[in-house]
Amino acid sequence: AANAAAATAAAEGLAAAATAAASAAESASAASVTAASGAASAAGSSAAAATTTTTTKPLEIAPPVSIPNNNVSESGQPIIILLDQARLETIKTRKGNFELLNCDDHRDLCRKLKQNSADHRPDICHQELLALLDSPLNKSGNLKLYLRTHKGVLIELHPSVRIPRTFKRFSGLMVQLLHKMKIKAGTTSTTLLKVVKNPFSSHLPAGTHVYGMSVQGTLYAPNALARTLVPETAEECKEGGKGPVCFVIGAMASGHIDLNDHPYIEKLIGLSEYPLSGVGANTYETIIN
């Protein structure tokens, strides 16, 4: 009887323990469900907030740009750019062909002529021409481009000229230009490239303000410089004293613009405190203008 009573008490204890464990499990499950529901509601609130935040005003479309039919700016004067000191020099090879002297193909010849091959970089002029002719400033008819070699040959470029993309074809075109003095379009009688007489100042309109681009020049904020120098309308050009503007940019591998070659330059200006390549300066300038 005592053993039976003890067994009964043990069974009752086990049953009570099982009941307590079951209630504890139910409590833990309820707590986890509550936490999960809280997390879900918080995530829903975050998603709603994110939806509210991302639901912003769509991007505004830029207004269309009206390009004049006569291919000139409202001020009536395009911006004039002179690429100065371009290394464009022809040589005759052993095969009897004429080529543009450059540091890659004629290193031995430069050594024979006792010249620094690093100075013969006609590719710099090629890159600058592509950057300028591809700019919106030129495509809108607001750019007049000249080129001056290191030997003083002055070249005028028509706005519709298309410079070859590859340097090899560009070299052939420059050799033909320097020998024939002009290049005409194949289908029309338009002269795309031609050698003109010096000095360069004789080709500038009356009242033109000429500025040289150099890292040694006075540093100006580009936007403020463009608003100050470049006239926007013909009335501003007449009343505000803002005449046509010309920028002289170097097309050489090293060195600076010589003011003795350009006594008409009013001031040397810079767009950055760092030395910029010719392509970088041209791109920076055409974007600002």
# chains A, B, ... in the order shown; residues from 1 in each chain; ligands from 1
>>> residues_around(residues="Lys197 in chain A", least_positions_apart="3", cutoff="10 Å", atoms="only C-alpha atoms", output="PyMOL selection string")
chain A and resi 152-156+194+200+202-203
>>> write_last_selection(atoms="C-alpha atoms", output="PDB file, in the first residue's frame")
ATOM      1  CA  GLY A 152      53.541  80.491 -88.003  1.00  0.00           C
ATOM      2  CA  VAL A 153      51.213  78.904 -90.594  1.00  0.00           C
ATOM      3  CA  LEU A 154      47.699  80.195 -89.929  1.00  0.00           C
ATOM      4  CA  ILE A 155      44.782  77.901 -90.839  1.00  0.00           C
ATOM      5  CA  GLU A 156      41.077  78.730 -90.866  1.00  0.00           C
ATOM      6  CA  LYS A 194      42.516  76.883 -95.892  1.00  0.00           C
ATOM      7  CA  PHE A 200      45.929  86.619 -86.816  1.00  0.00           C
ATOM      8  CA  SER A 202      43.694  90.974 -89.072  1.00  0.00           C
ATOM      9  CA  HIS A 203      41.010  88.248 -89.018  1.00  0.00           C
TER      10      HIS A 203
END
>>> select_by_dssp(residues="range 134-231 of chain A", states="alpha helix (DSSP H)", output="list in words")
Pro136, Leu137, Asn138, Lys139, Phe167, Lys168, Arg169, Phe170, Ser171, Gly172, Leu173, Met174, Val175, Gln176, Leu177, Leu178, His179, Lys180, Pro222, Asn223, Ala224, Leu225, Ala226, Arg227, Thr228 and Leu229 of chain A
>>> residues_around(residues="range 160-173 of chain A", least_positions_apart="6", cutoff="7 Å", atoms="only C-alpha atoms", output="list of chain:residue names")
A:Glu99, A:Leu100, A:Asp123, A:Leu130, A:Leu192
>>> write_last_selection(atoms="N, CA, C and O atoms", output="short mmCIF file (atom, residue, chain, number, x, y, z; two decimals), in the first residue's frame")
data_model
loop_
_atom_site.label_atom_id
_atom_site.label_comp_id
_atom_site.auth_asym_id
_atom_site.auth_seq_id
_atom_site.Cartn_x
_atom_site.Cartn_y
_atom_site.Cartn_z
N GLU A 99 54.81 62.61 -94.77
CA GLU A 99 54.08 62.27 -93.56
C GLU A 99 54.18 63.41 -92.57
O GLU A 99 55.02 64.30 -92.69
N LEU A 100 53.29 63.34 -91.58
CA LEU A 100 53.30 64.34 -90.51
C LEU A 100 54.29 63.87 -89.43
O LEU A 100 54.17 62.77 -88.90
N ASP A 123 49.22 64.88 -82.33
CA ASP A 123 47.99 64.26 -81.82
C ASP A 123 47.28 65.17 -80.83
O ASP A 123 46.06 65.06 -80.66
N LEU A 130 38.90 67.70 -82.35
CA LEU A 130 37.73 66.84 -82.20
C LEU A 130 36.85 67.33 -81.05
O LEU A 130 35.62 67.35 -81.17
N LEU A 192 36.72 73.87 -96.79
CA LEU A 192 36.65 73.43 -95.41
C LEU A 192 37.87 73.84 -94.60
O LEU A 192 37.74 74.18 -93.42
#
>>> atom_distance(atom1="CA of Thr90 in chain A", atom2="CA of Asn198 in chain A")
20.2 Å
>>> residues_around(residues="Phe98 in chain A", least_positions_apart="2", cutoff="12 Å", atoms="only C-alpha atoms", output="list in words")
Glu89, Thr90, Ile91, Lys92, Thr93, Arg94, Lys95, Gly96, Leu100, Leu101, Ser171, Gly172, Leu173, Met174, Val175, Gln176, Leu177, Leu178 and His179 of chain A
>>> closest_residue(among="A:Lys114, A:Met181, A:Pro78, A:Thr190", to="Leu137 in chain A", atoms="only C-alpha atoms")
A:Pro78
>>> atom_distance(atom1="CA of Asn223 in chain A", atom2="CA of Ile269 in chain A")
13.4 Å
>>> atom_distance(atom1="CA of Leu82 in chain A", atom2="CA of Thr149 in chain A")
10.5 Å
>>> residues_around(residues="Ala206 in chain A", least_positions_apart="3", cutoff="12 Å", atoms="only C-alpha atoms", output="ChimeraX atom specification")
/A:77,201-203,209-210,242-246
>>> write_last_selection(atoms="N, CA and C atoms", output="PDB file, in the first residue's frame")
ATOM      1  N   GLN A  77      27.785  87.447 -82.757  1.00  0.00           N
ATOM      2  CA  GLN A  77      29.210  87.204 -82.859  1.00  0.00           C
ATOM      3  C   GLN A  77      29.540  85.840 -82.253  1.00  0.00           C
ATOM      4  N   SER A 201      45.541  88.855 -85.959  1.00  0.00           N
ATOM      5  CA  SER A 201      44.702  89.982 -85.532  1.00  0.00           C
ATOM      6  C   SER A 201      43.924  90.591 -86.688  1.00  0.00           C
ATOM      7  N   SER A 202      44.412  90.416 -87.920  1.00  0.00           N
ATOM      8  CA  SER A 202      43.694  90.974 -89.072  1.00  0.00           C
ATOM      9  C   SER A 202      42.397  90.227 -89.363  1.00  0.00           C
ATOM     10  N   HIS A 203      42.224  89.045 -88.811  1.00  0.00           N
ATOM     11  CA  HIS A 203      41.010  88.248 -89.018  1.00  0.00           C
ATOM     12  C   HIS A 203      40.001  88.421 -87.888  1.00  0.00           C
ATOM     13  N   HIS A 209      37.903  91.241 -77.856  1.00  0.00           N
ATOM     14  CA  HIS A 209      38.706  91.098 -76.641  1.00  0.00           C
ATOM     15  C   HIS A 209      39.378  89.728 -76.674  1.00  0.00           C
ATOM     16  N   VAL A 210      40.696  89.709 -76.619  1.00  0.00           N
ATOM     17  CA  VAL A 210      41.469  88.474 -76.746  1.00  0.00           C
ATOM     18  C   VAL A 210      42.052  88.119 -75.383  1.00  0.00           C
ATOM     19  N   LYS A 242      30.615  94.935 -74.358  1.00  0.00           N
ATOM     20  CA  LYS A 242      31.120  93.580 -74.542  1.00  0.00           C
ATOM     21  C   LYS A 242      31.217  93.287 -76.039  1.00  0.00           C
ATOM     22  N   GLY A 243      32.418  93.327 -76.548  1.00  0.00           N
ATOM     23  CA  GLY A 243      32.613  92.999 -77.942  1.00  0.00           C
ATOM     24  C   GLY A 243      32.808  91.514 -78.132  1.00  0.00           C
ATOM     25  N   PRO A 244      33.151  91.084 -79.346  1.00  0.00           N
ATOM     26  CA  PRO A 244      33.436  89.668 -79.583  1.00  0.00           C
ATOM     27  C   PRO A 244      34.598  89.200 -78.709  1.00  0.00           C
ATOM     28  N   VAL A 245      34.605  87.909 -78.404  1.00  0.00           N
ATOM     29  CA  VAL A 245      35.595  87.340 -77.500  1.00  0.00           C
ATOM     30  C   VAL A 245      36.409  86.293 -78.241  1.00  0.00           C
ATOM     31  N   CYS A 246      37.713  86.303 -78.011  1.00  0.00           N
ATOM     32  CA  CYS A 246      38.627  85.326 -78.599  1.00  0.00           C
ATOM     33  C   CYS A 246      39.498  84.738 -77.488  1.00  0.00           C
TER      34      CYS A 246
END
>>> select_by_dssp(residues="range 51-198 of chain A", states="strand (DSSP E or B)", output="VMD selection string")
chain A and resid 79 to 86 90 to 92 98 to 100 143 to 149 154 to 157 182 to 184 191 to 196
